Amino acid sequence: MAVGGTTGAWVLVLGLWGTVAGGQNVTARIGKPLVLNCRGAPRKPPQQLEWKLHTGRTEAWKVLSPQGGHWDSVAQVLPNGSLLLPAMGFEDEGTFQCRAMTRKGKETKSNYQVRVYQTPKKPKIVDPASELQAGVPNKVGTCVSEGGYPAGTLSWHLDGKPLIPDGKGVSVKEETRRHPETGLFTLQSELTVTSALARGGAPHLTFSCSFHPGVPRRRALHGAPVRLSVWGDHTASEPLEEVRLVVDPEGGAVAPGGSVTLTCEVPAQHPPQIHWIKDGTPLPLPPSPVLLLPEVGPQDEGAYSCVATHPSHGPQESHAVSVSIVAGEEGPSAGSVGGPGLGALALALGILGGLGAAALLIGVILWRRRRQRREERKAPENQEEEEERAELNQPEEPEAAESGAGGP
């Protein structure tokens with residue numbers, strides 16, 4: 001087995017996209033590599049270990065040779081004692097065992113039960129009904145999931161609540177097919193509802209379906225919902241007042257990191273159960289008339305609505321409101337600091353401006369008083385000068401008269 005020169009490459013590949021498993025029960029994705037560790041085995045030669053497997057490729061236990069062989073394309077023992085399966089397939093499901101001898105001569109064993117899986121496409125509802133008629137059976141649509149392994153299961157929801165087939169108000173027709181070449185499964189589930197769901201004054205009903213994997217620790221896949229109108233004798237029942245959805249802040253626009261509060265207002269004597277929907281998908285939250293979104297981020301943006309379910313009226317959905325992040329604005333923490341800061345600055349500037357105006361007014365008053373005093377001082381001086389001039393001019397007239405009188 002030529003693994004000495006490629007060990008580094010395998011370690012790189014496995015570190016990037018492989019799966020290293022050390023537990024008893026192991027799941028591996030089809031087409032991906034899998035590494036099983038041999039606990040207790042020395043990491044470097046000399047090694048005393050033995051790998052054997054019993055899978056769909058063997059009729060009995062198969063012992064693998066550390067020196068390699070024709071099984072290298074399926075499973076090979078790495079220099080550190082681990083077992084590499086380069087590309088997992090359906091035939092690789094089964095049991096793997098490793099027995100090793102430590103440096104101190106202690107024997108250890110590793111046992112693995114390996115299963116493979118393939119995640120299908122998201123389920124979708126095909127051929128949905130355009131509307132529902134009250135009082136008669138209604139085919140809602142067919143939920144389809146393609147390309148999964150193992151088969152898994154499908155389930156239906158009405159306004160976010162599970163629909164349990166009872167043969168009366170709810171009936172489901174299921175079909176499972178396996179592709180002859182790929183070995184992957186296709187599931188179909190046809191839902192039919194009767195008047196028990198169409199009555200109660202609900203003008204619209206929202207249906208959705210989900211896929212549940214057949215392997216543990218794998219998340220369910222949820223398909224896009226369909227919203228159907230209900231027509232018929234539901235108009236004869238007592239109408240329920242409109243369910244209102246109030247958003248704070250108004251308009252649902254908030255800065256990054258802010259908070260949004262959605263309140264579902266239902267005018268009823270006996271408060272119904274309130275469930276929440278985002279972008280047409282029910283939110284997995286306990287019933288509550290208030291939905292708080294703290295520290296809003298991009299993942300919280302979308303259209304929200306609430307569904308009120310009352311035993312005597314059935315489910316009723318509110319109008320949708322949009323929650324969005326306002327670009328270019330700071331969060332509430334920065335805003336709360338910036339607002340008072342700007343107010344204090346404006347107050348300081350106002351006080352300085354008032355003091356400056358007062359100083360200017362006082363300066364003008366003092367300047368006017370000084371000017372008035374100067375004018376008062378100049379007035380007497382001018383008067384004395386005029387008097388002196390008058391005195392100088394008076395003697396000249398008598399002398400002129402005397403010279404005239406003393407002539408011949």
# chains A, B, ... in the order shown; residues from 1 in each chain; ligands from 1

$ residues_around --residues "Val226 (chain A)" --least-positions-apart "3" --cutoff "8 Å" --atoms "only C-alpha atoms" --output "ChimeraX atom specification"
/A:125,128,206-208

$ write_last_selection --atoms "C-alpha atoms" --output "JSON list (two decimals), in the first residue's frame"
[["chain", "number", "residue", "atom", "x", "y", "z"],
["A", 125, "ILE", "CA", -45.75, 22.03, -1.65],
["A", 128, "PRO", "CA", -51.51, 23.79, -3.94],
["A", 206, "THR", "CA", -51.44, 29.03, 6.32],
["A", 207, "PHE", "CA", -50.12, 25.51, 5.67],
["A", 208, "SER", "CA", -46.50, 24.35, 5.69]]

$ atom_distance --atom1 "CA of Val126 (chain A)" --atom2 "CA of Thr176 (chain A)"
16.0 Å

$ residues_around --residues "Thr142 (chain A)" --least-positions-apart "4" --cutoff "12 Å" --atoms "only C-alpha atoms" --output "list in words"
Pro123, Lys124, Ile125, Val126, Asp127, Pro128, Ala129, Leu154, Ser155, Trp156, Val172, Lys173, Glu174, Glu175, Leu187, Gln188, Ser189, Glu190, Leu191, Thr192, Phe207, Ser208, Cys209, Ser210, Gly223, Pro225 and Val226 of chain A

$ closest_residue --among "A:Cys98, A:Val170, A:Leu36, A:Leu132" --to "Leu85 (chain A)" --atoms "only C-alpha atoms"
A:Leu36

$ residues_around --residues "region 66-82 of chain A" --least-positions-apart "5" --cutoff "6 Å" --atoms "only C-alpha atoms" --output "PyMOL selection string"
chain A and resi 1+36-38+43-44

$ closest_residue --among "A:Val364, A:Leu205, A:Val290, A:Leu285" --to "Thr263 (chain A)" --atoms "only C-alpha atoms"
A:Val290

$ select_by_dssp --residues "region 74-289 of chain A" --states "helix (DSSP H, G or I)" --output "JSON, numbers by chain"
{"A": [90, 91, 92, 195, 196, 197, 198, 233, 234, 235, 236]}

$ write_last_selection --atoms "all heavy atoms" --output "CSV table (one decimal), in the first residue's frame"
chain,number,residue,atom,x,y,z
A,90,PHE,N,-23.5,3.5,0.3
A,90,PHE,CA,-24.5,2.7,1.0
A,90,PHE,C,-23.9,1.4,1.5
A,90,PHE,O,-24.2,1.0,2.6
A,90,PHE,CB,-25.7,2.4,0.1
A,90,PHE,CG,-26.4,3.6,-0.5
A,90,PHE,CD1,-26.3,4.0,-1.8
A,90,PHE,CD2,-27.1,4.4,0.4
A,90,PHE,CE1,-26.9,5.1,-2.3
A,90,PHE,CE2,-27.8,5.6,-0.1
A,90,PHE,CZ,-27.6,5.9,-1.5
A,91,GLU,N,-23.0,0.8,0.7
A,91,GLU,CA,-22.4,-0.5,1.1
A,91,GLU,C,-21.5,-0.4,2.3
A,91,GLU,O,-21.1,-1.4,2.9
A,91,GLU,CB,-21.7,-1.1,-0.1
A,91,GLU,CG,-22.5,-1.3,-1.3
A,91,GLU,CD,-22.6,-0.1,-2.2
A,91,GLU,OE1,-22.1,1.0,-1.7
A,91,GLU,OE2,-23.2,-0.1,-3.3
A,92,ASP,N,-21.1,0.9,2.7
A,92,ASP,CA,-20.1,1.0,3.8
A,92,ASP,C,-20.8,1.1,5.2
A,92,ASP,O,-20.1,1.2,6.2
A,92,ASP,CB,-19.3,2.3,3.6
A,92,ASP,CG,-18.4,2.2,2.4
A,92,ASP,OD1,-17.8,1.1,2.2
A,92,ASP,OD2,-18.4,3.1,1.6
A,195,SER,N,-64.3,20.4,6.8
A,195,SER,CA,-65.0,21.6,7.3
A,195,SER,C,-64.5,21.9,8.7
A,195,SER,O,-64.7,23.1,9.2
A,195,SER,CB,-66.5,21.5,7.3
A,195,SER,OG,-66.9,20.3,8.0
A,196,ALA,N,-64.0,21.0,9.5
A,196,ALA,CA,-63.7,21.3,10.8
A,196,ALA,C,-62.6,22.3,10.9
A,196,ALA,O,-62.5,23.1,11.9
A,196,ALA,CB,-63.2,20.0,11.5
A,197,LEU,N,-61.8,22.4,9.9
A,197,LEU,CA,-60.7,23.4,9.9
A,197,LEU,C,-61.1,24.7,9.1
A,197,LEU,O,-60.6,25.8,9.4
A,197,LEU,CB,-59.4,22.9,9.2
A,197,LEU,CG,-58.7,21.8,10.0
A,197,LEU,CD1,-57.5,21.3,9.2
A,197,LEU,CD2,-58.2,22.3,11.3
A,198,ALA,N,-62.1,24.5,8.2
A,198,ALA,CA,-62.5,25.7,7.4
A,198,ALA,C,-63.5,26.6,8.0
A,198,ALA,O,-63.7,27.7,7.7
A,198,ALA,CB,-63.0,25.2,6.0
A,233,ASP,N,-69.6,28.8,4.4
A,233,ASP,CA,-70.6,29.2,5.5
A,233,ASP,C,-69.8,29.8,6.7
A,233,ASP,O,-70.4,30.0,7.7
A,233,ASP,CB,-71.4,28.0,6.0
A,233,ASP,CG,-70.5,26.9,6.5
A,233,ASP,OD1,-69.3,27.0,6.5
A,233,ASP,OD2,-71.1,25.8,6.9
A,234,HIS,N,-68.5,30.0,6.6
A,234,HIS,CA,-67.9,30.7,7.7
A,234,HIS,C,-68.3,32.1,7.9
A,234,HIS,O,-68.2,32.7,8.9
A,234,HIS,CB,-66.3,30.6,7.5
A,234,HIS,CG,-65.9,31.5,6.4
A,234,HIS,ND1,-65.9,31.1,5.1
A,234,HIS,CD2,-65.4,32.8,6.4
A,234,HIS,CE1,-65.4,32.1,4.3
A,234,HIS,NE2,-65.1,33.1,5.1
A,235,THR,N,-68.9,32.7,6.8
A,235,THR,CA,-69.4,34.1,6.9
A,235,THR,C,-70.6,34.2,7.8
A,235,THR,O,-70.9,35.3,8.2
A,235,THR,CB,-69.7,34.6,5.5
A,235,THR,OG1,-70.7,33.7,4.9
A,235,THR,CG2,-68.4,34.6,4.6
A,236,ALA,N,-71.3,33.0,8.0
A,236,ALA,CA,-72.5,33.1,8.8
A,236,ALA,C,-72.1,33.1,10.3
A,236,ALA,O,-73.0,33.4,11.1
A,236,ALA,CB,-73.4,31.9,8.6

$ residues_around --residues "Ala41 (chain A)" --least-positions-apart "6" --cutoff "9 Å" --atoms "only C-alpha atoms" --output "list in words"
Gln47, Gln48, Leu49, Asn80, Gly81, Ser82, Arg99, Ala100, Met101, Thr102, Arg103 and Thr108 of chain A

$ residues_around --residues "region 273-282 of chain A" --least-positions-apart "2" --cutoff "6 Å" --atoms "only C-alpha atoms" --output "ChimeraX atom specification"
/A:160,287-289,303-309

$ atom_distance --atom1 "CA of Gly252 (chain A)" --atom2 "CA of Leu283 (chain A)"
18.4 Å
